[in-house]
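**Q** I have a structure I would like to understand better, so I am pasting it below and will then ask my questions one at a time.
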Amino acid sequence: MTWPKAFLTFVGGSHTSFWSDQRFPRTVVDWARWTMYGDTAARDRLPADAAGSNTRWEAQLGTTPTVPGTYTLIAQHSGKAAEISGASTAAGAGLVQRTITSGTNQQFELVAATDGHVRLKARHSGLFLQAAGSGSDVTQQADTGATSQQWRVVDHGGDVISLVNRESGLAMDVWERSTADGARISQYTYNASSPNQRFARRSV
């Protein structure tokens, strides 16, 4: 099948157990709102609709811009750039926001992954952005090919994007909408209207 297509698995569920799980109707209704009425906000909610410890969401929605290149990601709510803290080259160093500079620790290469996802490679270290569970910080790690290092790009137009982690279904998020230098960037339930989950993509 050509995109758009998706498959929601309830891992370990029975033939009918998913009927009583609210993730099922939420996903079905938002899928219908998007495919029948063109509601892109409903499309953007799908990963969050399906997210959970016992679910697996696999989708090709045709929403990932395939523009190659290296970019600075500027948080819409604060005007500050995502960067690897302290320009560290060590695995595990965290992603934070800081006043825009010309530093290569604020520059990320979008590398194509599978099924329309991308990986984000820190230019200064060669390591990839990765996220774990809900609320966990985004860090840089050695390339493993894991789905936690893969992101769906949601294009809001005007080179403004959100990044939704493939493994968790959660969005890259400046914690508590902080506007301070050094505020950590973690992942949280995706909200299409949250400016702290939107980043202007500026070509380097």
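Residue names in the structure tokens use chain letters A, B, ... in the order shown, residue numbers from 1 in each chain, and ligand numbers from 1 in the order shown.
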At a cut-off of 10 Å, using only C-alpha atoms, what residues contact Val138 (chain A)? Leave out same-chain residues fewer than 2 positions from it and give the result as a list in words.

**A**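 What passes the distance filter is Ile84, Gly92, Ala93, Gly94, Leu95, Val96, Phe128, Leu129, Gln130, Ala131, Ala132, Gly133, Gly135, Ser136, Gln140, Gln141, Ser148, Gln149, Met172, Asp173, Arg184, Ile185, Ser186 and Gln187 of chain A.
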
**Q** Can you pull out every residue within 12 Å of Ser102 (chain A), counting only C-alpha atoms, but drop anything in the same chain fewer than 5 positions away, and send it as number ranges by chain?

**A** A: 71-72, 81, 83, 87, 107, 123-124, 204

**Q** Suppose we keep N, CA and C atoms; can you now write the selection as a CSV table (one decimal), in the first residue's frame?

**A**
chain,number,residue,atom,x,y,z
A,71,TYR,N,21.0,22.2,9.9
A,71,TYR,CA,20.1,23.2,10.3
A,71,TYR,C,20.4,23.6,11.8
A,72,THR,N,20.1,24.9,12.1
A,72,THR,CA,19.9,25.3,13.5
A,72,THR,C,18.4,25.2,13.8
A,81,ALA,N,18.2,28.7,20.4
A,81,ALA,CA,18.6,27.5,19.6
A,81,ALA,C,18.8,26.3,20.4
A,83,GLU,N,20.9,23.2,21.4
A,83,GLU,CA,22.3,22.9,21.4
A,83,GLU,C,22.7,21.8,22.3
A,87,ALA,N,29.0,22.2,24.4
A,87,ALA,CA,29.7,21.7,23.2
A,87,ALA,C,30.4,20.4,23.5
A,107,GLN,N,24.2,23.0,15.5
A,107,GLN,CA,23.9,22.6,14.1
A,107,GLN,C,23.7,21.1,14.0
A,123,ARG,N,26.5,18.2,14.6
A,123,ARG,CA,27.6,18.5,13.7
A,123,ARG,C,29.0,18.4,14.4
A,124,HIS,N,29.0,18.9,15.7
A,124,HIS,CA,30.3,19.0,16.4
A,124,HIS,C,30.8,17.7,16.9
A,204,VAL,N,22.0,26.1,7.7
A,204,VAL,CA,23.4,26.6,8.0
A,204,VAL,C,24.2,26.9,6.8

**Q** List every residue of chain A that DSSP, applied to the backbone of this structure, places in alpha helix (DSSP H), and write the result as a PyMOL selection string.

**A** chain A and resi 23-37+40-50

**Q** Can I get the selection written as a PDB file, in the first residue's frame, with C-alpha atoms?

**A**
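See selection08.pdb below for the written result:
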ATOM      1  CA  ARG A  23      -6.337   4.765  22.480  1.00  0.00           C
ATOM      2  CA  PHE A  24      -8.193   2.742  19.861  1.00  0.00           C
ATOM      3  CA  PRO A  25     -11.166   5.092  19.274  1.00  0.00           C
ATOM      4  CA  ARG A  26      -8.968   8.205  19.581  1.00  0.00           C
ATOM      5  CA  THR A  27      -6.667   6.918  16.858  1.00  0.00           C
ATOM      6  CA  VAL A  28      -9.523   5.813  14.592  1.00  0.00           C
ATOM      7  CA  VAL A  29     -11.409   9.099  14.919  1.00  0.00           C
ATOM      8  CA  ASP A  30      -8.344  11.283  14.278  1.00  0.00           C
ATOM      9  CA  TRP A  31      -7.350   9.108  11.312  1.00  0.00           C
ATOM     10  CA  ALA A  32     -10.839   9.623   9.865  1.00  0.00           C
ATOM     11  CA  ARG A  33     -10.803  13.367  10.534  1.00  0.00           C
ATOM     12  CA  TRP A  34      -7.531  13.670   8.656  1.00  0.00           C
ATOM     13  CA  THR A  35      -8.153  11.343   5.705  1.00  0.00           C
ATOM     14  CA  MET A  36     -11.792  12.347   5.181  1.00  0.00           C
ATOM     15  CA  TYR A  37     -11.704  16.065   6.006  1.00  0.00           C
ATOM     16  CA  THR A  40      -3.953  18.193   9.740  1.00  0.00           C
ATOM     17  CA  ALA A  41      -4.229  18.845  13.496  1.00  0.00           C
ATOM     18  CA  ALA A  42      -5.899  15.427  13.804  1.00  0.00           C
ATOM     19  CA  ARG A  43      -3.070  13.900  11.743  1.00  0.00           C
ATOM     20  CA  ASP A  44      -0.507  15.455  14.078  1.00  0.00           C
ATOM     21  CA  ARG A  45      -2.248  13.960  17.140  1.00  0.00           C
ATOM     22  CA  LEU A  46      -2.015  10.380  15.852  1.00  0.00           C
ATOM     23  CA  PRO A  47       1.347   9.404  17.436  1.00  0.00           C
ATOM     24  CA  ALA A  48       0.148  10.684  20.822  1.00  0.00           C
ATOM     25  CA  ASP A  49      -3.244   8.991  20.369  1.00  0.00           C
ATOM     26  CA  ALA A  50      -1.533   5.635  19.870  1.00  0.00           C
TER      27      ALA A  50
END

**Q** Output as a short mmCIF file (atom, residue, chain, number, x, y, z; two decimals) with C-alpha atoms, in the first residue's frame all residues of chain A that backbone DSSP marks as strand (DSSP E or B).

**A**
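Here's the written file out.cif:
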data_model
loop_
_atom_site.label_atom_id
_atom_site.label_comp_id
_atom_site.auth_asym_id
_atom_site.auth_seq_id
_atom_site.Cartn_x
_atom_site.Cartn_y
_atom_site.Cartn_z
CA LYS A 5 -0.89 4.05 5.96
CA ALA A 6 -0.51 3.03 9.58
CA PHE A 7 -0.69 0.02 11.88
CA LEU A 8 -1.46 0.15 15.61
CA THR A 9 -0.45 -2.95 17.59
CA PHE A 10 -1.59 -3.67 21.15
CA THR A 55 1.43 -0.25 21.90
CA ARG A 56 3.47 0.03 18.74
CA TRP A 57 2.61 2.71 16.16
CA GLU A 58 3.98 2.23 12.65
CA ALA A 59 3.04 4.82 10.05
CA GLN A 60 3.94 6.40 6.76
CA GLY A 69 21.20 19.70 4.85
CA THR A 70 22.37 20.99 8.21
CA TYR A 71 20.14 23.22 10.31
CA THR A 72 19.89 25.29 13.47
CA LEU A 73 16.64 24.55 15.36
CA ILE A 74 15.19 27.65 17.01
CA ALA A 75 12.47 27.23 19.64
CA ALA A 81 18.59 27.54 19.59
CA ALA A 82 18.76 23.88 20.52
CA GLU A 83 22.33 22.92 21.37
CA ILE A 84 24.38 20.18 22.97
CA GLY A 94 22.06 16.76 27.03
CA LEU A 95 20.19 18.95 24.58
CA VAL A 96 19.33 22.42 25.92
CA GLN A 97 18.33 25.81 24.51
CA ARG A 98 20.66 28.80 24.42
CA PHE A 108 22.22 19.35 13.26
CA GLU A 109 22.24 17.32 10.06
CA LEU A 110 18.97 15.68 9.07
CA VAL A 111 19.84 12.13 8.00
CA ALA A 112 17.18 10.01 6.30
CA VAL A 118 14.95 11.25 10.06
CA ARG A 119 17.85 11.14 12.49
CA LEU A 120 19.51 14.29 13.83
CA LYS A 121 23.29 14.23 13.83
CA ALA A 122 25.11 16.84 15.95
CA PHE A 128 22.72 11.37 17.20
CA LEU A 129 19.84 12.83 19.22
CA GLN A 130 18.02 10.19 21.23
CA ASP A 137 15.84 14.51 28.41
CA THR A 139 20.71 13.44 24.69
CA GLN A 140 23.33 12.69 22.08
CA GLN A 141 24.39 9.08 21.68
CA TRP A 151 12.09 11.33 14.49
CA ARG A 152 9.03 12.18 12.45
CA VAL A 153 9.10 15.73 11.13
CA VAL A 154 5.74 17.51 11.38
CA ASP A 155 5.80 20.45 8.97
CA HIS A 156 3.77 23.46 10.17
CA GLY A 157 4.74 25.56 7.14
CA VAL A 160 8.58 25.59 11.30
CA ILE A 161 8.57 21.95 12.42
CA SER A 162 7.92 19.67 15.35
CA LEU A 163 9.90 16.48 15.97
CA VAL A 164 8.09 13.37 17.23
CA ASN A 165 10.16 10.45 18.47
CA ALA A 171 7.52 15.36 20.88
CA MET A 172 10.75 17.26 21.45
CA ASP A 173 9.77 19.87 24.06
CA VAL A 174 11.50 22.75 25.90
CA ARG A 184 16.61 21.35 29.10
CA ILE A 185 14.94 19.89 26.05
CA SER A 186 13.07 16.69 26.79
CA GLN A 187 10.11 14.91 25.25
CA TYR A 188 6.45 15.25 26.13
CA PHE A 199 11.25 24.85 16.03
CA ALA A 200 12.17 27.14 13.16
CA ARG A 201 14.52 25.22 10.88
CA ARG A 202 17.26 27.59 9.72
CA SER A 203 19.69 26.30 7.10
#

**Q** Quick one: pull the distance between CA of Gln106 (chain A) and CA of Ser85 (chain A), Å, one decimal.

**A** 9.3 Å

**Q** Nearest residue to Val11 (chain A) out of A:Ser168, A:Ser88, A:Thr114, A:Ser53, using only C-alpha atoms?

**A** A:Ser53
